[in-house]
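Coordinates from work.cif are shown below (mmCIF, C-alpha atoms and all ligand atoms).
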data_input
#
loop_
_atom_site.label_atom_id
_atom_site.label_comp_id
_atom_site.auth_asym_id
_atom_site.auth_seq_id
_atom_site.Cartn_x
_atom_site.Cartn_y
_atom_site.Cartn_z
CA MET A 1 -10.30 -6.55 -11.05
CA LYS A 2 -12.84 -5.39 -8.50
CA ILE A 3 -11.51 -5.31 -4.94
CA ASP A 4 -12.54 -4.02 -1.56
CA GLY A 5 -10.65 -3.33 1.58
CA GLN A 6 -10.74 -2.00 5.07
CA CYS A 7 -8.52 -0.94 7.93
CA HIS A 8 -7.88 -3.20 10.92
CA CYS A 9 -10.44 -1.51 13.21
CA GLY A 10 -13.06 -1.29 10.45
CA ALA A 11 -13.60 2.50 10.63
CA ILE A 12 -12.43 2.88 7.00
CA ALA A 13 -13.74 0.76 4.12
CA TYR A 14 -13.35 1.22 0.37
CA GLU A 15 -13.74 -0.45 -2.99
CA ALA A 16 -11.94 0.03 -6.31
CA GLU A 17 -10.97 -1.50 -9.63
CA VAL A 18 -7.28 -2.38 -9.75
CA TYR A 19 -4.90 -3.42 -12.50
CA PRO A 20 -3.58 -6.81 -11.29
CA ASP A 21 -0.45 -6.34 -13.44
CA SER A 22 0.41 -3.11 -11.60
CA ILE A 23 1.33 -4.68 -8.27
CA ARG A 24 4.78 -3.65 -7.21
CA ILE A 25 6.86 -4.16 -4.12
CA CYS A 26 8.61 -1.00 -2.98
CA HIS A 27 11.82 -1.27 -0.96
CA CYS A 28 12.36 2.49 -0.60
CA THR A 29 13.34 3.75 2.84
CA ASP A 30 10.16 5.90 3.06
CA CYS A 31 7.99 2.80 2.56
CA GLN A 32 10.01 0.93 5.15
CA GLN A 33 9.52 3.67 7.72
CA LEU A 34 5.92 4.61 6.88
CA SER A 35 4.73 0.99 6.82
CA GLY A 36 6.79 -0.09 9.82
CA SER A 37 7.74 -3.07 7.68
CA PRO A 38 10.72 -4.22 5.55
CA PHE A 39 8.89 -3.36 2.31
CA ARG A 40 5.49 -2.41 0.99
CA ALA A 41 3.26 -3.77 -1.80
CA ASN A 42 1.06 -1.38 -3.79
CA VAL A 43 -1.49 -1.70 -6.55
CA SER A 44 -2.79 1.08 -8.76
CA ALA A 45 -6.48 2.01 -8.98
CA PRO A 46 -7.82 4.72 -11.30
CA ALA A 47 -9.31 7.52 -9.16
CA GLU A 48 -12.76 7.22 -10.78
CA THR A 49 -13.04 3.62 -9.54
CA PHE A 50 -11.99 4.34 -5.95
CA ARG A 51 -14.95 4.76 -3.62
CA LEU A 52 -14.76 5.33 0.10
CA LEU A 53 -17.57 3.26 1.66
CA ARG A 54 -17.04 4.20 5.28
CA GLY A 55 -15.05 6.64 7.40
CA SER A 56 -12.67 9.46 6.58
CA PRO A 57 -8.96 8.64 6.47
CA LYS A 58 -6.38 10.96 7.94
CA SER A 59 -3.73 12.13 5.56
CA TYR A 60 -0.06 13.00 5.66
CA ILE A 61 1.68 14.84 2.84
CA LYS A 62 5.11 13.38 2.23
CA THR A 63 7.64 15.53 0.41
CA ALA A 64 10.31 13.51 -1.40
CA GLU A 65 13.92 14.60 -1.94
CA SER A 66 12.85 15.60 -5.46
CA GLY A 67 10.21 17.95 -4.01
CA ASN A 68 7.46 15.67 -5.31
CA GLN A 69 4.53 15.46 -2.89
CA ARG A 70 2.34 12.47 -2.12
CA ARG A 71 -0.76 12.30 0.05
CA HIS A 72 -0.64 9.23 2.28
CA MET A 73 -4.03 8.17 3.65
CA PHE A 74 -4.41 6.01 6.73
CA CYS A 75 -6.89 5.23 9.49
CA GLY A 76 -6.56 7.78 12.29
CA ASP A 77 -7.80 5.22 14.82
CA CYS A 78 -5.82 2.04 14.07
CA GLY A 79 -3.09 3.44 11.78
CA THR A 80 -3.64 1.03 8.87
CA PRO A 81 -2.10 2.53 5.69
CA ILE A 82 -4.73 2.81 2.91
CA SER A 83 -3.25 4.62 -0.09
CA SER A 84 -0.98 7.25 -1.54
CA SER A 85 -1.69 9.61 -4.41
CA ALA A 86 -1.00 13.05 -5.79
CA PRO A 87 -2.10 15.60 -3.13
CA ASP A 88 -4.92 17.13 -5.23
CA ASN A 89 -7.20 15.69 -7.94
CA PRO A 90 -5.19 12.46 -8.22
CA PRO A 91 -5.59 10.46 -11.45
CA ALA A 92 -5.01 7.24 -9.50
CA TYR A 93 -4.55 5.84 -6.03
CA SER A 94 -1.76 3.53 -5.04
CA LEU A 95 -3.54 1.13 -2.68
CA ARG A 96 -1.69 -0.70 0.09
CA VAL A 97 -2.13 -4.37 -0.76
CA GLY A 98 -2.23 -5.43 2.91
CA SER A 99 -5.59 -3.68 3.43
CA ILE A 100 -7.24 -5.37 0.40
CA THR A 101 -9.58 -8.30 1.13
CA GLN A 102 -8.51 -10.14 -2.07
CA ARG A 103 -4.77 -9.68 -1.40
CA ALA A 104 -4.04 -13.42 -1.62
CA GLN A 105 -4.98 -13.24 -5.33
CA LEU A 106 -2.66 -10.31 -6.01
CA ARG A 107 0.85 -11.20 -7.07
CA PRO A 108 3.58 -8.59 -7.51
CA VAL A 109 5.11 -8.18 -10.96
CA ALA A 110 8.10 -6.04 -10.00
CA GLN A 111 10.25 -4.73 -7.18
CA ILE A 112 11.35 -1.11 -7.10
CA TRP A 113 14.02 0.74 -5.10
CA HIS A 114 15.72 -2.59 -4.62
CA ARG A 115 18.99 -0.82 -3.80
CA SER A 116 17.62 -0.12 -0.29
CA ALA A 117 16.08 -3.58 0.17
CA LEU A 118 17.02 -5.22 3.44
CA ARG A 119 19.75 -7.78 2.75
CA TRP A 120 17.72 -10.83 3.76
CA VAL A 121 14.56 -10.22 1.71
CA ASP A 122 15.96 -11.97 -1.37
CA SER A 123 16.39 -15.16 0.63
CA LEU A 124 13.16 -15.12 2.64
CA SER A 125 12.44 -18.76 1.82
CA ALA A 126 15.72 -19.75 3.52
CA ILE A 127 14.49 -18.46 6.89
CA PRO A 128 12.87 -21.19 9.02
CA ALA A 129 9.07 -20.82 8.93
CA ASN A 130 6.24 -21.93 11.22
CA GLU A 131 2.63 -22.18 9.98
CA LYS A 132 1.47 -20.22 13.07
CA ASP A 133 3.34 -18.00 15.50
ZN ZN A 201 -8.94 1.70 11.52
ZN ZN A 202 8.39 3.20 -1.51
#

Here is the file; what I need is its structure written in the form of structure tokens.
Ligand SMILES: [Zn+2]
Ligand SMILES: [Zn+2]
Amino acid sequence: MKIDGQCHCGAIAYEAEVYPDSIRICHCTDCQQLSGSPFRANVSAPAETFRLLRGSPKSYIKTAESGNQRRHMFCGDCGTPISSSAPDNPPAYSLRVGSITQRAQLRPVAQIWHRSALRWVDSLSAIPANEKD
């Protein structure tokens, strides 16, 4: 599926082809901290389909407990997370679903690192909801 996306301030824009059946929610503590949110949703895009249309993201290399390194790309002006990937010559990019224009059409197929999920996320629908703030 062809998608495009941009950061909140518009400095960064991109397009890619994603596998709609590769959308996963990650509850790991790194995703919680790096996204500033209870969890993060990602979708995989082969590197050859990812094209930066505008801007140059800043990057942060995260080293996991295992020693595995990931390059996290984000807008240096507004801070919107864009992707993570292997640090060099990545075969694919893990795109942050929140920055994708077509995100309403993308439905997760799995949750990972659920052991660190915040207790209430499994009962989100039980929390009173307003249509606007
Ligand atoms: Zn921005
Ligand atoms: Zn994670």

Selection within 7 Å of ligand ZN 201 (chain A) by only C-alpha atoms and all ligand atoms, output as a list in words | Cys7, His8, Cys9, Gly10, Ala11, Ile12, Cys75, Gly76, Asp77, Cys78, Gly79 and Thr80 of chain A

Neighbour list for Glu65 in chain A as an NGL selection string, cut-off 12 Å, only C-alpha atoms, skip fewer than 5 positions in-chain | :A and (29-30 or 70)

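Checking A:Tyr14, A:Phe74, A:Tyr19, A:Trp113 one by one against Val43 in chain A, counting only C-alpha atoms, you find the shortest gap at A:Tyr19.
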
Taking only residues of chain A that have an atom at most 8 Å from an atom of ligand ZN 202 (chain A), what is each one's shortest atom pair and its distance in Å to one decimal, using all atoms listed in the file, in chain and number order, as JSON lines?
{"residue": "A:Ile25", "atom": "CA", "partner": "A:ZN202", "partner_atom": "ZN", "distance": 8.0}
{"residue": "A:Cys26", "atom": "CA", "partner": "A:ZN202", "partner_atom": "ZN", "distance": 4.5}
{"residue": "A:His27", "atom": "CA", "partner": "A:ZN202", "partner_atom": "ZN", "distance": 5.7}
{"residue": "A:Cys28", "atom": "CA", "partner": "A:ZN202", "partner_atom": "ZN", "distance": 4.1}
{"residue": "A:Thr29", "atom": "CA", "partner": "A:ZN202", "partner_atom": "ZN", "distance": 6.6}
{"residue": "A:Asp30", "atom": "CA", "partner": "A:ZN202", "partner_atom": "ZN", "distance": 5.6}
{"residue": "A:Cys31", "atom": "CA", "partner": "A:ZN202", "partner_atom": "ZN", "distance": 4.1}
{"residue": "A:Gln32", "atom": "CA", "partner": "A:ZN202", "partner_atom": "ZN", "distance": 7.2}
{"residue": "A:Phe39", "atom": "CA", "partner": "A:ZN202", "partner_atom": "ZN", "distance": 7.6}
{"residue": "A:Arg40", "atom": "CA", "partner": "A:ZN202", "partner_atom": "ZN", "distance": 6.8}
{"residue": "A:Ile112", "atom": "CA", "partner": "A:ZN202", "partner_atom": "ZN", "distance": 7.7}
{"residue": "A:Trp113", "atom": "CA", "partner": "A:ZN202", "partner_atom": "ZN", "distance": 7.1}

Produce the centre coordinates and the three edge lengths, each in Å to one decimal, of the box along x, y and z that contains all listed atoms of range 55-69 of chain A with 5 Å added on each side, as lines of an AutoDock Vina configuration file.
center_x = -0.6
center_y = 12.3
center_z = 1.2
size_x = 39.0
size_y = 21.3
size_z = 23.4

Nearest candidate to Gln111 in chain A (options A:Leu124, A:Lys132, A:Glu17, A:Arg24; using all atoms listed in the file) =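 So, comparing all the options, the nearest one is A:Arg24.
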
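The two atoms in question, CA of Tyr93 in chain A and CA of Ala45 in chain A, are spaced 5.2 Å apart.
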
Go through A:Pro38, A:Pro46, A:Arg103, A:Ala16 one by one, measure the shortest atom-to-atom distance of each to Arg119 in chain A using all atoms listed in the file, and give the residue with the smallest value.
-> A:Pro38

State, in Å with one decimal place, the distance from CA of Ala129 in chain A to CA of Ala104 in chain A.
-> 18.4 Å

Hey, which of A:Thr49, A:Ser99, A:Ser66, A:Ser44 ends up closest to Ser84 in chain A? Count only C-alpha atoms.
-> A:Ser44

If you count only C-alpha atoms, the residue of A:Leu34, A:Ile3, A:Val109, A:Met73 closest to Gly55 in chain A turns out to be A:Met73

Counting all atoms listed in the file, the option among A:Gln33, A:Gln69, A:Ser22, A:Ser125 closest to Pro81 in chain A =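 So, comparing all the options, the nearest one is A:Gln33.
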
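CA of Ser35 in chain A is positioned 18.6 Å from CA of Leu106 in chain A.
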